[in-house]
>>> print(open('final.cif').read())   # mmCIF, all heavy atoms
data_model
loop_
_atom_site.label_atom_id
_atom_site.label_comp_id
_atom_site.auth_asym_id
_atom_site.auth_seq_id
_atom_site.Cartn_x
_atom_site.Cartn_y
_atom_site.Cartn_z
N MET J 18 -21.96 24.70 -3.03
CA MET J 18 -20.98 23.91 -3.75
C MET J 18 -21.04 22.46 -3.24
O MET J 18 -21.10 22.22 -2.05
CB MET J 18 -19.59 24.50 -3.53
CG MET J 18 -18.54 23.75 -4.32
SD MET J 18 -16.87 24.24 -3.93
CE MET J 18 -16.63 25.58 -5.00
N ASP J 19 -21.03 21.53 -4.13
CA ASP J 19 -21.11 20.11 -3.80
C ASP J 19 -19.73 19.58 -3.45
O ASP J 19 -18.79 19.72 -4.23
CB ASP J 19 -21.69 19.34 -5.00
CG ASP J 19 -21.97 17.91 -4.66
OD1 ASP J 19 -22.38 17.62 -3.53
OD2 ASP J 19 -21.79 17.07 -5.56
N ASP J 20 -19.59 19.01 -2.26
CA ASP J 20 -18.31 18.44 -1.82
C ASP J 20 -18.26 16.98 -2.24
O ASP J 20 -18.89 16.13 -1.62
CB ASP J 20 -18.16 18.59 -0.31
CG ASP J 20 -16.80 18.13 0.18
OD1 ASP J 20 -15.87 18.01 -0.64
OD2 ASP J 20 -16.67 17.89 1.40
N ALA J 21 -17.53 16.68 -3.30
CA ALA J 21 -17.49 15.33 -3.86
C ALA J 21 -16.65 14.39 -3.02
O ALA J 21 -16.84 13.19 -3.06
CB ALA J 21 -16.94 15.38 -5.29
N GLY J 22 -15.69 14.90 -2.25
CA GLY J 22 -14.84 14.03 -1.45
C GLY J 22 -13.78 13.37 -2.31
O GLY J 22 -13.61 13.68 -3.49
N LEU J 23 -13.06 12.46 -1.71
CA LEU J 23 -11.99 11.76 -2.42
C LEU J 23 -12.55 10.53 -3.12
O LEU J 23 -13.40 9.82 -2.58
CB LEU J 23 -10.89 11.33 -1.46
CG LEU J 23 -10.15 12.45 -0.76
CD1 LEU J 23 -9.17 11.86 0.24
CD2 LEU J 23 -9.41 13.31 -1.76
N LYS J 24 -12.04 10.28 -4.30
CA LYS J 24 -12.44 9.08 -5.04
C LYS J 24 -11.17 8.31 -5.38
O LYS J 24 -10.22 8.88 -5.90
CB LYS J 24 -13.17 9.45 -6.32
CG LYS J 24 -14.50 10.11 -6.06
CD LYS J 24 -15.22 10.42 -7.34
CE LYS J 24 -16.53 11.12 -7.02
NZ LYS J 24 -17.25 11.47 -8.24
N PHE J 25 -11.15 7.05 -5.04
CA PHE J 25 -9.99 6.20 -5.30
C PHE J 25 -10.35 5.11 -6.30
O PHE J 25 -11.44 4.53 -6.24
CB PHE J 25 -9.51 5.52 -4.02
CG PHE J 25 -8.95 6.47 -3.01
CD1 PHE J 25 -9.72 6.93 -1.97
CD2 PHE J 25 -7.64 6.90 -3.10
CE1 PHE J 25 -9.21 7.80 -1.03
CE2 PHE J 25 -7.11 7.76 -2.18
CZ PHE J 25 -7.90 8.23 -1.14
N ARG J 26 -9.43 4.83 -7.18
CA ARG J 26 -9.57 3.71 -8.11
C ARG J 26 -8.26 2.95 -8.07
O ARG J 26 -7.19 3.54 -8.14
CB ARG J 26 -9.85 4.19 -9.52
CG ARG J 26 -11.20 4.81 -9.67
CD ARG J 26 -11.44 5.21 -11.09
NE ARG J 26 -12.68 5.98 -11.14
CZ ARG J 26 -13.47 5.99 -12.16
NH1 ARG J 26 -13.18 5.30 -13.24
NH2 ARG J 26 -14.58 6.69 -12.14
N PHE J 27 -8.36 1.65 -7.95
CA PHE J 27 -7.17 0.81 -7.90
C PHE J 27 -7.16 -0.11 -9.11
O PHE J 27 -8.18 -0.70 -9.47
CB PHE J 27 -7.16 -0.05 -6.63
CG PHE J 27 -7.06 0.77 -5.38
CD1 PHE J 27 -8.19 1.13 -4.67
CD2 PHE J 27 -5.83 1.19 -4.92
CE1 PHE J 27 -8.10 1.87 -3.52
CE2 PHE J 27 -5.73 1.94 -3.77
CZ PHE J 27 -6.87 2.29 -3.07
N HIS J 28 -6.01 -0.23 -9.70
CA HIS J 28 -5.83 -1.18 -10.79
C HIS J 28 -5.13 -2.40 -10.22
O HIS J 28 -4.04 -2.31 -9.68
CB HIS J 28 -4.99 -0.58 -11.91
CG HIS J 28 -4.65 -1.59 -12.96
ND1 HIS J 28 -5.59 -2.11 -13.82
CD2 HIS J 28 -3.48 -2.18 -13.29
CE1 HIS J 28 -5.01 -2.98 -14.62
NE2 HIS J 28 -3.73 -3.04 -14.32
N ASN J 29 -5.76 -3.54 -10.33
CA ASN J 29 -5.20 -4.78 -9.82
C ASN J 29 -5.00 -5.72 -11.01
O ASN J 29 -5.96 -6.26 -11.54
CB ASN J 29 -6.13 -5.41 -8.79
CG ASN J 29 -5.54 -6.65 -8.18
OD1 ASN J 29 -4.44 -7.05 -8.50
ND2 ASN J 29 -6.29 -7.29 -7.30
N PRO J 30 -3.75 -5.96 -11.41
CA PRO J 30 -3.50 -6.81 -12.58
C PRO J 30 -3.65 -8.31 -12.28
O PRO J 30 -3.59 -9.13 -13.19
CB PRO J 30 -2.06 -6.48 -12.95
CG PRO J 30 -1.43 -6.07 -11.67
CD PRO J 30 -2.52 -5.38 -10.90
N ASN J 31 -3.86 -8.65 -11.02
CA ASN J 31 -3.96 -10.07 -10.64
C ASN J 31 -5.39 -10.58 -10.80
O ASN J 31 -6.35 -9.81 -10.81
CB ASN J 31 -3.54 -10.24 -9.18
CG ASN J 31 -2.12 -9.82 -8.97
OD1 ASN J 31 -1.25 -10.11 -9.77
ND2 ASN J 31 -1.87 -9.11 -7.87
N THR J 32 -5.50 -11.91 -10.87
CA THR J 32 -6.83 -12.52 -10.89
C THR J 32 -7.44 -12.42 -9.49
O THR J 32 -6.75 -12.15 -8.51
CB THR J 32 -6.75 -13.99 -11.31
OG1 THR J 32 -6.03 -14.72 -10.30
CG2 THR J 32 -6.08 -14.17 -12.65
N GLU J 33 -8.73 -12.66 -9.39
CA GLU J 33 -9.39 -12.64 -8.08
C GLU J 33 -8.79 -13.67 -7.15
O GLU J 33 -8.60 -13.42 -5.96
CB GLU J 33 -10.89 -12.89 -8.24
CG GLU J 33 -11.64 -11.73 -8.81
CD GLU J 33 -13.14 -11.96 -8.82
OE1 GLU J 33 -13.64 -12.68 -7.93
OE2 GLU J 33 -13.79 -11.43 -9.72
N GLU J 34 -8.47 -14.85 -7.67
CA GLU J 34 -7.91 -15.92 -6.84
C GLU J 34 -6.54 -15.53 -6.30
O GLU J 34 -6.25 -15.77 -5.12
CB GLU J 34 -7.81 -17.23 -7.65
CG GLU J 34 -9.14 -17.85 -8.02
CD GLU J 34 -9.79 -17.20 -9.23
OE1 GLU J 34 -9.08 -16.50 -9.99
OE2 GLU J 34 -11.00 -17.38 -9.41
N GLU J 35 -5.71 -14.93 -7.14
CA GLU J 35 -4.39 -14.51 -6.69
C GLU J 35 -4.50 -13.43 -5.61
O GLU J 35 -3.77 -13.44 -4.63
CB GLU J 35 -3.56 -13.99 -7.86
CG GLU J 35 -3.12 -15.06 -8.83
CD GLU J 35 -2.47 -14.47 -10.07
OE1 GLU J 35 -2.80 -13.33 -10.46
OE2 GLU J 35 -1.63 -15.17 -10.66
N THR J 36 -5.44 -12.51 -5.83
CA THR J 36 -5.65 -11.44 -4.86
C THR J 36 -6.13 -12.01 -3.53
O THR J 36 -5.66 -11.62 -2.46
CB THR J 36 -6.67 -10.42 -5.40
OG1 THR J 36 -6.19 -9.92 -6.64
CG2 THR J 36 -6.87 -9.28 -4.45
N GLU J 37 -7.07 -12.95 -3.58
CA GLU J 37 -7.57 -13.58 -2.35
C GLU J 37 -6.45 -14.28 -1.59
O GLU J 37 -6.34 -14.15 -0.37
CB GLU J 37 -8.67 -14.59 -2.68
CG GLU J 37 -9.95 -13.95 -3.16
CD GLU J 37 -10.93 -14.96 -3.69
OE1 GLU J 37 -10.64 -16.18 -3.71
OE2 GLU J 37 -12.03 -14.54 -4.11
N LYS J 38 -5.61 -15.01 -2.32
CA LYS J 38 -4.49 -15.71 -1.68
C LYS J 38 -3.53 -14.73 -1.03
O LYS J 38 -3.05 -14.96 0.08
CB LYS J 38 -3.75 -16.58 -2.70
CG LYS J 38 -4.50 -17.81 -3.12
CD LYS J 38 -3.73 -18.59 -4.17
CE LYS J 38 -4.52 -19.76 -4.69
NZ LYS J 38 -3.79 -20.49 -5.74
N TYR J 39 -3.24 -13.63 -1.73
CA TYR J 39 -2.31 -12.63 -1.20
C TYR J 39 -2.88 -11.98 0.06
O TYR J 39 -2.18 -11.84 1.07
CB TYR J 39 -1.99 -11.57 -2.25
CG TYR J 39 -1.05 -10.52 -1.73
CD1 TYR J 39 0.30 -10.80 -1.57
CD2 TYR J 39 -1.51 -9.26 -1.38
CE1 TYR J 39 1.17 -9.85 -1.08
CE2 TYR J 39 -0.65 -8.30 -0.89
CZ TYR J 39 0.69 -8.59 -0.74
OH TYR J 39 1.54 -7.66 -0.24
N ILE J 40 -4.15 -11.58 0.02
CA ILE J 40 -4.77 -10.95 1.18
C ILE J 40 -4.82 -11.91 2.35
O ILE J 40 -4.54 -11.54 3.50
CB ILE J 40 -6.17 -10.41 0.82
CG1 ILE J 40 -6.03 -9.24 -0.15
CG2 ILE J 40 -6.94 -10.00 2.06
CD1 ILE J 40 -7.34 -8.74 -0.72
N LEU J 41 -5.15 -13.17 2.10
CA LEU J 41 -5.17 -14.18 3.15
C LEU J 41 -3.79 -14.35 3.77
O LEU J 41 -3.65 -14.40 4.99
CB LEU J 41 -5.67 -15.51 2.61
CG LEU J 41 -5.74 -16.66 3.60
CD1 LEU J 41 -6.68 -16.32 4.75
CD2 LEU J 41 -6.18 -17.93 2.90
N LYS J 42 -2.75 -14.37 2.95
CA LYS J 42 -1.38 -14.48 3.43
C LYS J 42 -1.02 -13.30 4.32
O LYS J 42 -0.43 -13.47 5.39
CB LYS J 42 -0.39 -14.58 2.27
CG LYS J 42 1.05 -14.73 2.69
CD LYS J 42 1.97 -14.69 1.49
CE LYS J 42 3.42 -14.83 1.85
NZ LYS J 42 3.92 -13.87 2.80
N VAL J 43 -1.41 -12.10 3.91
CA VAL J 43 -1.13 -10.91 4.72
C VAL J 43 -1.84 -11.00 6.07
O VAL J 43 -1.25 -10.72 7.12
CB VAL J 43 -1.55 -9.63 3.96
CG1 VAL J 43 -1.53 -8.41 4.87
CG2 VAL J 43 -0.65 -9.41 2.76
N PHE J 44 -3.11 -11.41 6.07
CA PHE J 44 -3.85 -11.55 7.32
C PHE J 44 -3.23 -12.60 8.22
O PHE J 44 -3.13 -12.41 9.43
CB PHE J 44 -5.32 -11.88 7.06
CG PHE J 44 -6.13 -10.72 6.56
CD1 PHE J 44 -7.32 -10.95 5.90
CD2 PHE J 44 -5.73 -9.41 6.73
CE1 PHE J 44 -8.10 -9.90 5.43
CE2 PHE J 44 -6.49 -8.34 6.27
CZ PHE J 44 -7.68 -8.59 5.63
N ILE J 45 -2.83 -13.72 7.66
CA ILE J 45 -2.21 -14.79 8.45
C ILE J 45 -0.89 -14.31 9.04
O ILE J 45 -0.61 -14.53 10.22
CB ILE J 45 -2.03 -16.06 7.61
CG1 ILE J 45 -3.39 -16.69 7.34
CG2 ILE J 45 -1.11 -17.05 8.32
CD1 ILE J 45 -3.36 -17.85 6.36
N ASP J 46 -0.08 -13.63 8.22
CA ASP J 46 1.19 -13.11 8.72
C ASP J 46 0.97 -12.09 9.83
O ASP J 46 1.69 -12.07 10.82
CB ASP J 46 2.00 -12.47 7.59
CG ASP J 46 2.56 -13.48 6.61
OD1 ASP J 46 2.54 -14.69 6.93
OD2 ASP J 46 3.00 -13.07 5.52
N ALA J 47 -0.02 -11.23 9.66
CA ALA J 47 -0.29 -10.18 10.64
C ALA J 47 -0.85 -10.73 11.94
O ALA J 47 -0.57 -10.20 13.02
CB ALA J 47 -1.25 -9.16 10.05
N ASN J 48 -1.64 -11.80 11.86
CA ASN J 48 -2.32 -12.32 13.04
C ASN J 48 -1.83 -13.70 13.45
O ASN J 48 -2.47 -14.36 14.27
CB ASN J 48 -3.83 -12.36 12.79
CG ASN J 48 -4.40 -10.99 12.64
OD1 ASN J 48 -4.18 -10.13 13.48
ND2 ASN J 48 -5.11 -10.75 11.55
N GLY J 49 -0.72 -14.14 12.90
CA GLY J 49 -0.22 -15.49 13.18
C GLY J 49 0.02 -15.75 14.65
O GLY J 49 -0.34 -16.81 15.17
N SER J 50 0.58 -14.79 15.36
CA SER J 50 0.86 -15.00 16.78
C SER J 50 -0.43 -15.11 17.58
O SER J 50 -0.52 -15.90 18.52
CB SER J 50 1.74 -13.88 17.33
OG SER J 50 1.09 -12.64 17.21
N LYS J 51 -1.44 -14.33 17.21
CA LYS J 51 -2.74 -14.41 17.90
C LYS J 51 -3.38 -15.77 17.67
O LYS J 51 -3.94 -16.37 18.61
CB LYS J 51 -3.68 -13.32 17.41
CG LYS J 51 -3.30 -11.93 17.82
CD LYS J 51 -4.29 -10.94 17.28
CE LYS J 51 -3.88 -9.51 17.57
NZ LYS J 51 -4.84 -8.55 16.99
N VAL J 52 -3.32 -16.25 16.43
CA VAL J 52 -3.90 -17.56 16.11
C VAL J 52 -3.15 -18.65 16.87
O VAL J 52 -3.78 -19.55 17.44
CB VAL J 52 -3.87 -17.81 14.58
CG1 VAL J 52 -4.27 -19.23 14.26
CG2 VAL J 52 -4.75 -16.82 13.87
N GLU J 53 -1.83 -18.56 16.89
CA GLU J 53 -1.03 -19.57 17.60
C GLU J 53 -1.38 -19.59 19.09
O GLU J 53 -1.54 -20.65 19.68
CB GLU J 53 0.45 -19.27 17.40
CG GLU J 53 1.35 -20.37 17.93
CD GLU J 53 2.81 -20.13 17.60
OE1 GLU J 53 3.11 -19.34 16.69
OE2 GLU J 53 3.65 -20.75 18.27
N ARG J 54 -1.52 -18.41 19.69
CA ARG J 54 -1.90 -18.34 21.12
C ARG J 54 -3.28 -18.94 21.34
O ARG J 54 -3.50 -19.67 22.30
CB ARG J 54 -1.88 -16.90 21.61
CG ARG J 54 -0.51 -16.39 21.96
CD ARG J 54 -0.60 -15.10 22.75
NE ARG J 54 -1.34 -14.09 21.98
CZ ARG J 54 -0.81 -13.02 21.42
NH1 ARG J 54 0.48 -12.80 21.54
NH2 ARG J 54 -1.56 -12.17 20.75
N ALA J 55 -4.23 -18.64 20.44
CA ALA J 55 -5.58 -19.17 20.58
C ALA J 55 -5.60 -20.69 20.46
O ALA J 55 -6.29 -21.37 21.23
CB ALA J 55 -6.50 -18.54 19.54
N VAL J 56 -4.83 -21.23 19.52
CA VAL J 56 -4.76 -22.68 19.34
C VAL J 56 -4.14 -23.33 20.58
O VAL J 56 -4.64 -24.35 21.09
CB VAL J 56 -3.98 -23.04 18.06
CG1 VAL J 56 -3.65 -24.52 18.01
CG2 VAL J 56 -4.76 -22.63 16.83
N ASN J 57 -3.06 -22.76 21.06
CA ASN J 57 -2.41 -23.31 22.26
C ASN J 57 -3.33 -23.25 23.47
O ASN J 57 -3.37 -24.19 24.26
CB ASN J 57 -1.09 -22.58 22.54
CG ASN J 57 -0.02 -22.93 21.53
OD1 ASN J 57 -0.05 -23.98 20.91
ND2 ASN J 57 0.94 -22.03 21.35
N GLU J 58 -4.06 -22.17 23.62
CA GLU J 58 -5.01 -22.05 24.73
C GLU J 58 -6.12 -23.09 24.60
O GLU J 58 -6.52 -23.71 25.58
CB GLU J 58 -5.59 -20.63 24.77
CG GLU J 58 -6.62 -20.41 25.86
CD GLU J 58 -6.08 -20.53 27.27
OE1 GLU J 58 -4.85 -20.41 27.45
OE2 GLU J 58 -6.89 -20.74 28.19
N ALA J 59 -6.61 -23.30 23.38
CA ALA J 59 -7.65 -24.32 23.17
C ALA J 59 -7.11 -25.71 23.49
O ALA J 59 -7.82 -26.53 24.09
CB ALA J 59 -8.15 -24.25 21.72
N LYS J 60 -5.87 -25.99 23.10
CA LYS J 60 -5.25 -27.28 23.42
C LYS J 60 -5.12 -27.46 24.93
O LYS J 60 -5.40 -28.53 25.47
CB LYS J 60 -3.87 -27.40 22.78
CG LYS J 60 -3.87 -27.64 21.31
CD LYS J 60 -2.43 -27.74 20.80
CE LYS J 60 -2.34 -27.89 19.32
NZ LYS J 60 -0.94 -27.95 18.86
N ARG J 61 -4.69 -26.38 25.60
CA ARG J 61 -4.52 -26.45 27.06
C ARG J 61 -5.85 -26.71 27.74
O ARG J 61 -5.95 -27.56 28.63
CB ARG J 61 -3.91 -25.15 27.57
CG ARG J 61 -3.56 -25.19 29.06
CD ARG J 61 -3.21 -23.83 29.61
NE ARG J 61 -4.32 -22.89 29.55
CZ ARG J 61 -5.38 -22.90 30.38
NH1 ARG J 61 -5.49 -23.81 31.31
NH2 ARG J 61 -6.32 -21.98 30.26
N ARG J 62 -6.90 -26.01 27.30
CA ARG J 62 -8.23 -26.22 27.89
C ARG J 62 -8.75 -27.62 27.63
O ARG J 62 -9.35 -28.24 28.51
CB ARG J 62 -9.21 -25.19 27.36
CG ARG J 62 -8.99 -23.82 27.91
CD ARG J 62 -10.02 -22.85 27.40
NE ARG J 62 -9.75 -21.50 27.90
CZ ARG J 62 -10.45 -20.46 27.56
NH1 ARG J 62 -11.47 -20.57 26.73
NH2 ARG J 62 -10.16 -19.29 28.05
N ALA J 63 -8.54 -28.13 26.41
CA ALA J 63 -9.00 -29.47 26.08
C ALA J 63 -8.26 -30.51 26.92
O ALA J 63 -8.88 -31.47 27.41
CB ALA J 63 -8.79 -29.75 24.60
N ALA J 64 -6.98 -30.31 27.11
CA ALA J 64 -6.19 -31.25 27.93
C ALA J 64 -6.66 -31.20 29.38
O ALA J 64 -6.78 -32.25 30.04
CB ALA J 64 -4.71 -30.92 27.84
N ALA J 65 -6.93 -30.00 29.89
CA ALA J 65 -7.40 -29.87 31.27
C ALA J 65 -8.77 -30.51 31.44
O ALA J 65 -9.04 -31.19 32.44
CB ALA J 65 -7.45 -28.40 31.66
N GLU J 66 -9.63 -30.34 30.45
CA GLU J 66 -10.97 -30.93 30.51
C GLU J 66 -10.88 -32.46 30.44
O GLU J 66 -11.59 -33.17 31.15
CB GLU J 66 -11.82 -30.40 29.36
CG GLU J 66 -13.26 -30.86 29.42
CD GLU J 66 -14.09 -30.24 28.32
OE1 GLU J 66 -14.07 -29.01 28.19
OE2 GLU J 66 -14.77 -31.02 27.62
N ALA J 67 -10.00 -32.98 29.58
CA ALA J 67 -9.82 -34.42 29.46
C ALA J 67 -9.28 -35.00 30.78
O ALA J 67 -9.66 -36.10 31.18
CB ALA J 67 -8.88 -34.76 28.31
N GLU J 68 -8.42 -34.24 31.43
CA GLU J 68 -7.85 -34.70 32.70
C GLU J 68 -8.92 -34.75 33.78
O GLU J 68 -8.95 -35.68 34.58
CB GLU J 68 -6.73 -33.73 33.13
CG GLU J 68 -5.94 -34.22 34.32
CD GLU J 68 -4.79 -33.28 34.62
OE1 GLU J 68 -3.96 -33.07 33.72
OE2 GLU J 68 -4.76 -32.76 35.75
N VAL J 69 -9.82 -33.79 33.78
CA VAL J 69 -10.91 -33.75 34.76
C VAL J 69 -11.87 -34.91 34.50
O VAL J 69 -12.36 -35.54 35.44
CB VAL J 69 -11.65 -32.40 34.70
CG1 VAL J 69 -12.94 -32.45 35.49
CG2 VAL J 69 -10.76 -31.27 35.18
N LEU J 70 -12.14 -35.22 33.26
CA LEU J 70 -13.09 -36.28 32.92
C LEU J 70 -12.54 -37.68 33.16
O LEU J 70 -13.29 -38.62 33.33
CB LEU J 70 -13.52 -36.15 31.45
CG LEU J 70 -14.34 -34.91 31.11
CD1 LEU J 70 -14.63 -34.85 29.62
CD2 LEU J 70 -15.64 -34.86 31.90
N SER J 71 -11.22 -37.82 33.19
CA SER J 71 -10.67 -39.16 33.36
C SER J 71 -10.38 -39.49 34.79
O SER J 71 -10.59 -38.87 35.72
CB SER J 71 -9.41 -39.33 32.55
OG SER J 71 -8.46 -38.35 32.87
#
>>> encode(input="final.cif", output="structure tokens")
Amino acid sequence: MDDAGLKFRFHNPNTEEETEKYILKVFIDANGSKVERAVNEAKRRAAAEAEVLS
């Protein structure tokens, strides 16, 4: 017997651009704190490097 597995089909009434914007918003909301920490760490490192060079 052939095991076909699960097959999913999604109906998306939005345009590709709307879908891309929505997915990007979800990713930003989900990872916003990580991005903010990374930006702050990069700023801190750049400031420390500038202080060493001056």
>>> select_by_dssp(input="final.cif", residues="chain J", states="helix (DSSP H, G or I)", output="PyMOL selection string")
chain J and resi 33-70
>>> atom_distance(input="final.cif", atom1="CB of His28 in chain J", atom2="CA of Phe44 in chain J")
22.2 Å
>>> atom_distance(input="final.cif", atom1="atom C of Arg26 in chain J", atom2="atom N of Gly49 in chain J")
28.1 Å
>>> atom_distance(input="final.cif", atom1="CG of Arg62 in chain J", atom2="CB of Lys42 in chain J")
28.6 Å
>>> axis_aligned_box(input="final.cif", around="range 52-63 of chain J", padding_each_side="5 Å", output="lines of an AutoDock Vina configuration file")
center_x = -3.9
center_y = -21.8
center_z = 22.6
size_x = 25.1
size_y = 29.3
size_z = 27.4
